[in-house]
file protein_7.cif (mmCIF, N, CA and C atoms)
data_my_file
loop_
_atom_site.label_atom_id
_atom_site.label_comp_id
_atom_site.auth_asym_id
_atom_site.auth_seq_id
_atom_site.Cartn_x
_atom_site.Cartn_y
_atom_site.Cartn_z
N MET F 1 91.34 -79.37 -56.42
CA MET F 1 92.07 -78.28 -55.83
C MET F 1 92.96 -77.64 -56.87
N SER F 2 93.05 -76.35 -56.77
CA SER F 2 93.91 -75.65 -57.73
C SER F 2 95.36 -75.74 -57.24
N PRO F 3 96.31 -75.73 -58.15
CA PRO F 3 97.72 -75.83 -57.76
C PRO F 3 98.19 -74.66 -56.90
N SER F 4 97.48 -73.54 -56.93
CA SER F 4 97.93 -72.38 -56.15
C SER F 4 97.38 -72.40 -54.72
N SER F 5 96.52 -73.35 -54.39
CA SER F 5 95.97 -73.38 -53.03
C SER F 5 97.04 -73.90 -52.07
N PRO F 6 97.02 -73.47 -50.79
CA PRO F 6 98.06 -73.87 -49.85
C PRO F 6 98.03 -75.36 -49.53
N SER F 7 96.91 -76.00 -49.70
CA SER F 7 96.83 -77.42 -49.36
C SER F 7 96.97 -78.31 -50.59
N ALA F 8 97.48 -77.77 -51.68
CA ALA F 8 97.57 -78.55 -52.91
C ALA F 8 98.60 -79.66 -52.78
N GLY F 9 99.70 -79.44 -52.05
CA GLY F 9 100.75 -80.43 -51.95
C GLY F 9 100.51 -81.47 -50.86
N ARG F 10 99.61 -81.18 -49.94
CA ARG F 10 99.37 -82.11 -48.83
C ARG F 10 98.26 -83.09 -49.18
N PRO F 11 98.40 -84.33 -48.76
CA PRO F 11 97.31 -85.27 -48.99
C PRO F 11 96.15 -84.96 -48.04
N ARG F 12 94.96 -85.32 -48.44
CA ARG F 12 93.78 -85.10 -47.61
C ARG F 12 93.78 -86.10 -46.46
N PRO F 13 93.41 -85.69 -45.26
CA PRO F 13 93.37 -86.63 -44.14
C PRO F 13 92.24 -87.63 -44.32
N THR F 14 92.49 -88.84 -43.88
CA THR F 14 91.47 -89.88 -43.96
C THR F 14 90.91 -90.13 -42.57
N ALA F 15 89.96 -91.06 -42.47
CA ALA F 15 89.35 -91.36 -41.18
C ALA F 15 90.37 -92.00 -40.24
N VAL F 16 91.36 -92.71 -40.79
CA VAL F 16 92.35 -93.40 -39.97
C VAL F 16 93.46 -92.45 -39.57
N GLU F 17 93.85 -91.59 -40.47
CA GLU F 17 94.96 -90.67 -40.23
C GLU F 17 94.42 -89.35 -39.68
N PRO F 18 94.84 -88.91 -38.48
CA PRO F 18 94.31 -87.65 -37.94
C PRO F 18 94.81 -86.46 -38.75
N ALA F 19 94.01 -85.42 -38.78
CA ALA F 19 94.38 -84.20 -39.50
C ALA F 19 95.50 -83.48 -38.75
N THR F 20 96.48 -82.97 -39.49
CA THR F 20 97.59 -82.26 -38.86
C THR F 20 97.56 -80.81 -39.29
N ARG F 21 97.94 -79.96 -38.37
CA ARG F 21 98.05 -78.54 -38.68
C ARG F 21 99.46 -78.29 -39.22
N PRO F 22 99.71 -77.11 -39.78
CA PRO F 22 101.05 -76.82 -40.32
C PRO F 22 102.15 -76.90 -39.28
N ASP F 23 101.86 -76.69 -37.99
CA ASP F 23 102.91 -76.75 -36.98
C ASP F 23 103.15 -78.18 -36.50
N GLY F 24 102.49 -79.18 -37.09
CA GLY F 24 102.76 -80.57 -36.79
C GLY F 24 101.90 -81.14 -35.66
N VAL F 25 101.04 -80.34 -35.06
CA VAL F 25 100.19 -80.81 -33.97
C VAL F 25 98.93 -81.41 -34.58
N THR F 26 98.58 -82.59 -34.13
CA THR F 26 97.35 -83.20 -34.64
C THR F 26 96.15 -82.55 -33.98
N GLU F 27 95.00 -82.69 -34.61
CA GLU F 27 93.78 -82.10 -34.07
C GLU F 27 93.42 -82.73 -32.72
N ASP F 28 93.80 -83.99 -32.50
CA ASP F 28 93.50 -84.64 -31.23
C ASP F 28 94.33 -84.06 -30.09
N ASP F 29 95.53 -83.53 -30.40
CA ASP F 29 96.40 -82.96 -29.38
C ASP F 29 96.05 -81.51 -29.06
N ALA F 30 95.22 -80.90 -29.88
CA ALA F 30 94.90 -79.49 -29.70
C ALA F 30 94.07 -79.31 -28.43
N PRO F 31 94.24 -78.20 -27.73
CA PRO F 31 93.44 -77.98 -26.51
C PRO F 31 91.97 -77.76 -26.87
N ALA F 32 91.12 -78.05 -25.90
CA ALA F 32 89.68 -77.88 -26.12
C ALA F 32 89.36 -76.40 -26.28
N PRO F 33 88.40 -76.09 -27.11
CA PRO F 33 88.06 -74.68 -27.31
C PRO F 33 87.47 -74.10 -26.02
N PRO F 34 87.69 -72.81 -25.79
CA PRO F 34 87.15 -72.21 -24.57
C PRO F 34 85.62 -72.16 -24.63
N GLY F 35 85.02 -72.18 -23.49
CA GLY F 35 83.56 -72.09 -23.43
C GLY F 35 83.04 -72.81 -22.21
N ARG F 36 81.77 -72.80 -22.12
CA ARG F 36 81.11 -73.41 -20.98
C ARG F 36 81.06 -74.92 -21.16
N PRO F 37 81.37 -75.70 -20.12
CA PRO F 37 81.29 -77.15 -20.27
C PRO F 37 79.83 -77.61 -20.36
N VAL F 38 79.62 -78.65 -21.10
CA VAL F 38 78.28 -79.19 -21.27
C VAL F 38 77.95 -80.06 -20.06
N ARG F 39 76.85 -79.77 -19.43
CA ARG F 39 76.42 -80.56 -18.27
C ARG F 39 75.07 -81.17 -18.61
N LEU F 40 75.05 -82.47 -18.82
CA LEU F 40 73.81 -83.15 -19.16
C LEU F 40 73.06 -83.50 -17.89
N SER F 41 71.77 -83.27 -17.92
CA SER F 41 70.95 -83.64 -16.77
C SER F 41 69.82 -84.54 -17.26
N PRO F 42 69.51 -85.58 -16.51
CA PRO F 42 68.46 -86.50 -16.96
C PRO F 42 67.08 -85.85 -16.86
N THR F 43 66.16 -86.38 -17.64
CA THR F 43 64.79 -85.87 -17.55
C THR F 43 64.20 -86.31 -16.22
N PRO F 44 63.34 -85.51 -15.65
CA PRO F 44 62.76 -85.87 -14.35
C PRO F 44 61.83 -87.06 -14.48
N PRO F 45 61.64 -87.80 -13.39
CA PRO F 45 60.76 -88.96 -13.46
C PRO F 45 59.33 -88.53 -13.76
N GLY F 46 58.69 -89.26 -14.64
CA GLY F 46 57.32 -88.96 -15.02
C GLY F 46 57.20 -88.18 -16.30
N PHE F 47 58.30 -87.63 -16.79
CA PHE F 47 58.24 -86.81 -18.01
C PHE F 47 57.81 -87.63 -19.22
N TRP F 48 58.48 -88.76 -19.43
CA TRP F 48 58.18 -89.56 -20.63
C TRP F 48 56.80 -90.21 -20.54
N ALA F 49 56.39 -90.61 -19.35
CA ALA F 49 55.05 -91.19 -19.20
C ALA F 49 53.98 -90.15 -19.53
N THR F 50 54.20 -88.92 -19.10
CA THR F 50 53.25 -87.85 -19.39
C THR F 50 53.21 -87.55 -20.88
N LEU F 51 54.36 -87.40 -21.47
CA LEU F 51 54.44 -87.06 -22.88
C LEU F 51 53.84 -88.15 -23.77
N LEU F 52 54.26 -89.39 -23.55
CA LEU F 52 53.76 -90.48 -24.38
C LEU F 52 52.28 -90.75 -24.12
N GLY F 53 51.83 -90.60 -22.88
CA GLY F 53 50.42 -90.78 -22.57
C GLY F 53 49.54 -89.78 -23.29
N VAL F 54 49.96 -88.53 -23.33
CA VAL F 54 49.18 -87.50 -24.02
C VAL F 54 49.15 -87.76 -25.52
N VAL F 55 50.29 -88.12 -26.09
CA VAL F 55 50.35 -88.36 -27.54
C VAL F 55 49.49 -89.56 -27.92
N VAL F 56 49.58 -90.64 -27.17
CA VAL F 56 48.77 -91.82 -27.48
C VAL F 56 47.29 -91.52 -27.27
N ALA F 57 46.96 -90.75 -26.22
CA ALA F 57 45.56 -90.40 -25.97
C ALA F 57 44.98 -89.58 -27.11
N LEU F 58 45.80 -88.73 -27.72
CA LEU F 58 45.31 -87.93 -28.84
C LEU F 58 45.17 -88.74 -30.13
N LEU F 59 46.11 -89.66 -30.36
CA LEU F 59 46.13 -90.38 -31.64
C LEU F 59 45.33 -91.67 -31.66
N ALA F 60 45.05 -92.27 -30.51
CA ALA F 60 44.39 -93.58 -30.49
C ALA F 60 43.01 -93.57 -31.14
N PRO F 61 42.13 -92.59 -30.87
CA PRO F 61 40.83 -92.62 -31.56
C PRO F 61 40.95 -92.49 -33.08
N PHE F 62 41.90 -91.70 -33.54
CA PHE F 62 42.08 -91.55 -34.98
C PHE F 62 42.52 -92.86 -35.62
N PHE F 63 43.46 -93.55 -34.96
CA PHE F 63 43.88 -94.84 -35.50
C PHE F 63 42.78 -95.87 -35.40
N GLY F 64 41.92 -95.78 -34.38
CA GLY F 64 40.77 -96.66 -34.28
C GLY F 64 39.82 -96.47 -35.46
N ILE F 65 39.57 -95.22 -35.82
CA ILE F 65 38.71 -94.95 -36.98
C ILE F 65 39.39 -95.43 -38.25
N LEU F 66 40.70 -95.23 -38.36
CA LEU F 66 41.44 -95.66 -39.54
C LEU F 66 41.37 -97.17 -39.70
N ILE F 67 41.58 -97.90 -38.62
CA ILE F 67 41.53 -99.36 -38.69
C ILE F 67 40.11 -99.82 -38.99
N GLY F 68 39.13 -99.18 -38.35
CA GLY F 68 37.73 -99.54 -38.60
C GLY F 68 37.31 -99.29 -40.03
N SER F 69 37.76 -98.19 -40.61
CA SER F 69 37.41 -97.93 -42.01
C SER F 69 38.19 -98.84 -42.96
N GLY F 70 39.36 -99.28 -42.52
CA GLY F 70 40.13 -100.21 -43.34
C GLY F 70 39.48 -101.58 -43.40
N ILE F 71 38.81 -101.96 -42.32
CA ILE F 71 38.10 -103.24 -42.32
C ILE F 71 36.95 -103.20 -43.31
N GLY F 72 36.33 -102.06 -43.43
CA GLY F 72 35.26 -101.91 -44.42
C GLY F 72 33.89 -102.08 -43.79
N THR F 73 32.92 -102.10 -44.66
CA THR F 73 31.53 -102.22 -44.21
C THR F 73 31.09 -103.66 -44.31
N GLY F 74 31.59 -104.46 -43.43
CA GLY F 74 31.20 -105.86 -43.38
C GLY F 74 29.93 -106.02 -42.57
N PRO F 75 29.63 -107.23 -42.22
CA PRO F 75 28.43 -107.43 -41.39
C PRO F 75 28.63 -106.77 -40.02
N SER F 76 27.66 -106.00 -39.61
CA SER F 76 27.79 -105.30 -38.34
C SER F 76 27.57 -106.26 -37.19
N THR F 77 28.43 -106.17 -36.20
CA THR F 77 28.36 -107.02 -35.02
C THR F 77 27.69 -106.24 -33.91
N ALA F 78 26.65 -106.80 -33.33
CA ALA F 78 25.90 -106.17 -32.23
C ALA F 78 25.38 -104.80 -32.63
N GLY F 79 25.02 -104.64 -33.89
CA GLY F 79 24.41 -103.40 -34.35
C GLY F 79 25.38 -102.26 -34.62
N LEU F 80 26.68 -102.48 -34.52
CA LEU F 80 27.66 -101.42 -34.76
C LEU F 80 28.51 -101.76 -35.97
N SER F 81 28.84 -100.73 -36.74
CA SER F 81 29.70 -100.93 -37.90
C SER F 81 31.14 -101.10 -37.43
N PRO F 82 32.01 -101.65 -38.29
CA PRO F 82 33.43 -101.79 -37.91
C PRO F 82 34.08 -100.45 -37.58
N MET F 83 33.63 -99.38 -38.24
CA MET F 83 34.23 -98.08 -37.93
C MET F 83 33.84 -97.63 -36.52
N ALA F 84 32.63 -97.90 -36.10
CA ALA F 84 32.22 -97.55 -34.74
C ALA F 84 32.98 -98.39 -33.72
N TRP F 85 33.19 -99.68 -34.02
CA TRP F 85 33.98 -100.53 -33.12
C TRP F 85 35.41 -100.02 -33.02
N GLY F 86 35.99 -99.65 -34.15
CA GLY F 86 37.36 -99.12 -34.14
C GLY F 86 37.45 -97.85 -33.32
N PHE F 87 36.45 -96.97 -33.46
CA PHE F 87 36.47 -95.73 -32.68
C PHE F 87 36.30 -96.03 -31.19
N ALA F 88 35.44 -96.98 -30.87
CA ALA F 88 35.23 -97.34 -29.46
C ALA F 88 36.50 -97.94 -28.85
N LEU F 89 37.14 -98.84 -29.57
CA LEU F 89 38.37 -99.44 -29.04
C LEU F 89 39.50 -98.40 -28.97
N GLY F 90 39.58 -97.52 -29.97
CA GLY F 90 40.57 -96.44 -29.94
C GLY F 90 40.32 -95.50 -28.78
N SER F 91 39.06 -95.25 -28.46
CA SER F 91 38.74 -94.39 -27.32
C SER F 91 39.12 -95.05 -26.01
N LEU F 92 38.93 -96.38 -25.91
CA LEU F 92 39.35 -97.08 -24.70
C LEU F 92 40.88 -97.02 -24.52
N VAL F 93 41.60 -97.22 -25.62
CA VAL F 93 43.07 -97.12 -25.55
C VAL F 93 43.47 -95.70 -25.18
N GLY F 94 42.77 -94.71 -25.73
CA GLY F 94 43.05 -93.32 -25.39
C GLY F 94 42.77 -93.01 -23.93
N ALA F 95 41.71 -93.60 -23.37
CA ALA F 95 41.40 -93.40 -21.95
C ALA F 95 42.48 -94.00 -21.06
N LEU F 96 42.96 -95.19 -21.43
CA LEU F 96 44.06 -95.79 -20.67
C LEU F 96 45.32 -94.93 -20.77
N ALA F 97 45.54 -94.36 -21.93
CA ALA F 97 46.71 -93.49 -22.10
C ALA F 97 46.57 -92.23 -21.25
N LEU F 98 45.34 -91.72 -21.10
CA LEU F 98 45.14 -90.56 -20.23
C LEU F 98 45.44 -90.90 -18.77
N VAL F 99 45.11 -92.12 -18.36
CA VAL F 99 45.45 -92.55 -17.00
C VAL F 99 46.97 -92.58 -16.83
N VAL F 100 47.67 -93.13 -17.82
CA VAL F 100 49.14 -93.17 -17.77
C VAL F 100 49.70 -91.74 -17.73
N ALA F 101 49.13 -90.85 -18.56
CA ALA F 101 49.60 -89.45 -18.56
C ALA F 101 49.34 -88.79 -17.22
N GLY F 102 48.20 -89.09 -16.61
CA GLY F 102 47.90 -88.51 -15.30
C GLY F 102 48.85 -89.00 -14.23
N LEU F 103 49.15 -90.30 -14.24
CA LEU F 103 50.10 -90.85 -13.27
C LEU F 103 51.49 -90.27 -13.49
N GLY F 104 51.88 -90.12 -14.74
CA GLY F 104 53.19 -89.51 -15.04
C GLY F 104 53.24 -88.06 -14.60
N ALA F 105 52.14 -87.32 -14.81
CA ALA F 105 52.11 -85.91 -14.40
C ALA F 105 52.18 -85.80 -12.88
N ALA F 106 51.50 -86.73 -12.17
CA ALA F 106 51.56 -86.70 -10.70
C ALA F 106 52.98 -86.99 -10.22
N ARG F 107 53.63 -87.94 -10.85
CA ARG F 107 55.01 -88.26 -10.46
C ARG F 107 55.95 -87.08 -10.77
N LEU F 108 55.73 -86.43 -11.90
CA LEU F 108 56.53 -85.26 -12.27
C LEU F 108 56.30 -84.13 -11.27
N TRP F 109 55.06 -83.90 -10.88
CA TRP F 109 54.74 -82.84 -9.94
C TRP F 109 55.35 -83.12 -8.57
N ARG F 110 55.25 -84.39 -8.12
CA ARG F 110 55.84 -84.75 -6.83
C ARG F 110 57.36 -84.56 -6.86
N HIS F 111 57.98 -84.91 -7.97
CA HIS F 111 59.44 -84.74 -8.08
C HIS F 111 59.81 -83.27 -8.00
N GLN F 112 59.08 -82.41 -8.71
CA GLN F 112 59.39 -80.97 -8.68
C GLN F 112 59.15 -80.40 -7.29
N ARG F 113 58.09 -80.85 -6.62
CA ARG F 113 57.79 -80.36 -5.28
C ARG F 113 58.86 -80.80 -4.29
N ASP F 114 59.29 -82.08 -4.38
CA ASP F 114 60.33 -82.58 -3.49
C ASP F 114 61.65 -81.87 -3.73
N ARG F 115 61.93 -81.56 -4.98
CA ARG F 115 63.16 -80.87 -5.30
C ARG F 115 63.15 -79.44 -4.75
N GLY F 116 61.98 -78.82 -4.75
CA GLY F 116 61.85 -77.47 -4.19
C GLY F 116 62.02 -77.48 -2.69
N VAL F 117 61.54 -78.52 -2.01
CA VAL F 117 61.71 -78.64 -0.56
C VAL F 117 63.18 -78.86 -0.22
N GLU F 118 63.88 -79.65 -1.01
CA GLU F 118 65.31 -79.87 -0.78
C GLU F 118 66.12 -78.61 -0.99
N ALA F 119 65.70 -77.77 -1.95
CA ALA F 119 66.42 -76.54 -2.23
C ALA F 119 66.25 -75.53 -1.09
N GLU F 120 65.11 -75.58 -0.38
CA GLU F 120 64.88 -74.65 0.72
C GLU F 120 65.70 -75.01 1.95
N ARG F 121 66.09 -76.25 2.08
CA ARG F 121 66.83 -76.68 3.27
C ARG F 121 68.22 -76.12 3.30
#
call {"tool": "encode", "arguments": {"input": "protein_7.cif", "output": "structure tokens"}}
result
Amino acid sequence: MSPSSPSAGRPRPTAVEPATRPDGVTEDDAPAPPGRPVRLSPTPPGFWATLLGVVVALLAPFFGILIGSGIGTGPSTAGLSPMAWGFALGSLVGALALVVAGLGAARLWRHQRDRGVEAER
């Protein structure tokens, strides 16, 4: 800091010591700034199941191929290469994830519909 700056004579506030304004009021005592209050609302039921189900359904076959290619071209079991087995298992995981996403979407839809019925009353 340059000696001509207004805060040259004051020590810098630390994490323990609250910052003070020139009129002696600490920042903690200052009134809250004007504006709209923040109102947090929870996500509706089924949102996370839908979101995670869709993401896993999209990525599972790719990771199946990745794991299958990482295993390499070893002896094929039942006539399929490890990469084909990885893709098949990844597709099964993806299908289960689609079921989870569908159940989550149904729960989300029911929640929105029930909320609309309550609003009409």
call {"tool": "residues_around", "arguments": {"input": "protein_7.cif", "residues": "F:Pro45", "least_positions_apart": "3", "cutoff": "9 Å", "atoms": "only C-alpha atoms", "output": "VMD selection string"}}
result
chain F and resid 42 48 to 49 104 107 to 108 111
call {"tool": "residues_around", "arguments": {"input": "protein_7.cif", "residues": "stretch 56-62 of chain F", "least_positions_apart": "2", "cutoff": "5 Å", "atoms": "all atoms listed in the file", "output": "MDAnalysis selection string"}}
result
chainID F and resid 52:54 64:66 90:91 94 97
call {"tool": "atom_distance", "arguments": {"input": "protein_7.cif", "atom1": "atom C of F:Leu51", "atom2": "atom N of F:Arg110"}}
result
16.2 Å
call {"tool": "atom_distance", "arguments": {"input": "protein_7.cif", "atom1": "atom CA of F:Leu98", "atom2": "atom CA of F:Val55"}}
result
9.2 Å
call {"tool": "resolve_selection", "arguments": {"input": "protein_7.cif", "expression": "the PyMOL selection byres ((chain F and resi 82) around 8)", "output": "JSON list (two decimals) with N, CA and C atoms, keeping the file's coordinate frame"}}
result
[["chain", "number", "residue", "atom", "x", "y", "z"],
["F", 64, "GLY", "N", 41.92, -95.78, -34.38],
["F", 64, "GLY", "CA", 40.77, -96.66, -34.28],
["F", 64, "GLY", "C", 39.82, -96.47, -35.46],
["F", 65, "ILE", "N", 39.57, -95.22, -35.82],
["F", 65, "ILE", "CA", 38.71, -94.95, -36.98],
["F", 65, "ILE", "C", 39.39, -95.43, -38.25],
["F", 67, "ILE", "N", 41.58, -97.90, -38.62],
["F", 67, "ILE", "CA", 41.53, -99.36, -38.69],
["F", 67, "ILE", "C", 40.11, -99.82, -38.99],
["F", 68, "GLY", "N", 39.13, -99.18, -38.35],
["F", 68, "GLY", "CA", 37.73, -99.54, -38.60],
["F", 68, "GLY", "C", 37.31, -99.29, -40.03],
["F", 69, "SER", "N", 37.76, -98.19, -40.61],
["F", 69, "SER", "CA", 37.41, -97.93, -42.01],
["F", 69, "SER", "C", 38.19, -98.84, -42.96],
["F", 70, "GLY", "N", 39.36, -99.28, -42.52],
["F", 70, "GLY", "CA", 40.13, -100.21, -43.34],
["F", 70, "GLY", "C", 39.48, -101.58, -43.40],
["F", 71, "ILE", "N", 38.81, -101.96, -42.32],
["F", 71, "ILE", "CA", 38.10, -103.24, -42.32],
["F", 71, "ILE", "C", 36.95, -103.20, -43.31],
["F", 72, "GLY", "N", 36.33, -102.06, -43.43],
["F", 72, "GLY", "CA", 35.26, -101.91, -44.42],
["F", 72, "GLY", "C", 33.89, -102.08, -43.79],
["F", 73, "THR", "N", 32.92, -102.10, -44.66],
["F", 73, "THR", "CA", 31.53, -102.22, -44.21],
["F", 73, "THR", "C", 31.09, -103.66, -44.31],
["F", 74, "GLY", "N", 31.59, -104.46, -43.43],
["F", 74, "GLY", "CA", 31.20, -105.86, -43.38],
["F", 74, "GLY", "C", 29.93, -106.02, -42.57],
["F", 75, "PRO", "N", 29.63, -107.23, -42.22],
["F", 75, "PRO", "CA", 28.43, -107.43, -41.39],
["F", 75, "PRO", "C", 28.63, -106.77, -40.02],
["F", 76, "SER", "N", 27.66, -106.00, -39.61],
["F", 76, "SER", "CA", 27.79, -105.30, -38.34],
["F", 76, "SER", "C", 27.57, -106.26, -37.19],
["F", 77, "THR", "N", 28.43, -106.17, -36.20],
["F", 77, "THR", "CA", 28.36, -107.02, -35.02],
["F", 77, "THR", "C", 27.69, -106.24, -33.91],
["F", 79, "GLY", "N", 25.02, -104.64, -33.89],
["F", 79, "GLY", "CA", 24.41, -103.40, -34.35],
["F", 79, "GLY", "C", 25.38, -102.26, -34.62],
["F", 80, "LEU", "N", 26.68, -102.48, -34.52],
["F", 80, "LEU", "CA", 27.66, -101.42, -34.76],
["F", 80, "LEU", "C", 28.51, -101.76, -35.97],
["F", 81, "SER", "N", 28.84, -100.73, -36.74],
["F", 81, "SER", "CA", 29.70, -100.93, -37.90],
["F", 81, "SER", "C", 31.14, -101.10, -37.43],
["F", 83, "MET", "N", 33.63, -99.38, -38.24],
["F", 83, "MET", "CA", 34.23, -98.08, -37.93],
["F", 83, "MET", "C", 33.84, -97.63, -36.52],
["F", 84, "ALA", "N", 32.63, -97.90, -36.10],
["F", 84, "ALA", "CA", 32.22, -97.55, -34.74],
["F", 84, "ALA", "C", 32.98, -98.39, -33.72],
["F", 85, "TRP", "N", 33.19, -99.68, -34.02],
["F", 85, "TRP", "CA", 33.98, -100.53, -33.12],
["F", 85, "TRP", "C", 35.41, -100.02, -33.02],
["F", 86, "GLY", "N", 35.99, -99.65, -34.15],
["F", 86, "GLY", "CA", 37.36, -99.12, -34.14],
["F", 86, "GLY", "C", 37.45, -97.85, -33.32],
["F", 87, "PHE", "N", 36.45, -96.97, -33.46],
["F", 87, "PHE", "CA", 36.47, -95.73, -32.68],
["F", 87, "PHE", "C", 36.30, -96.03, -31.19],
["F", 88, "ALA", "N", 35.44, -96.98, -30.87],
["F", 88, "ALA", "CA", 35.23, -97.34, -29.46],
["F", 88, "ALA", "C", 36.50, -97.94, -28.85]]
call {"tool": "atom_distance", "arguments": {"input": "protein_7.cif", "atom1": "atom CA of F:Ala105", "atom2": "atom N of F:Thr50"}}
result
6.0 Å
call {"tool": "axis_aligned_box", "arguments": {"input": "protein_7.cif", "around": "stretch 59-70 of chain F", "padding_each_side": "6 Å", "output": "JSON"}}
result
{"center_x": 41.7, "center_y": -95.6, "center_z": -36.9, "size_x": 20.8, "size_y": 23.9, "size_z": 25.0}
call {"tool": "closest_residue", "arguments": {"input": "protein_7.cif", "among": "F:Pro33, F:Leu96, F:Gly46, F:Leu89", "to": "F:Trp109", "atoms": "only C-alpha atoms"}}
result
F:Gly46
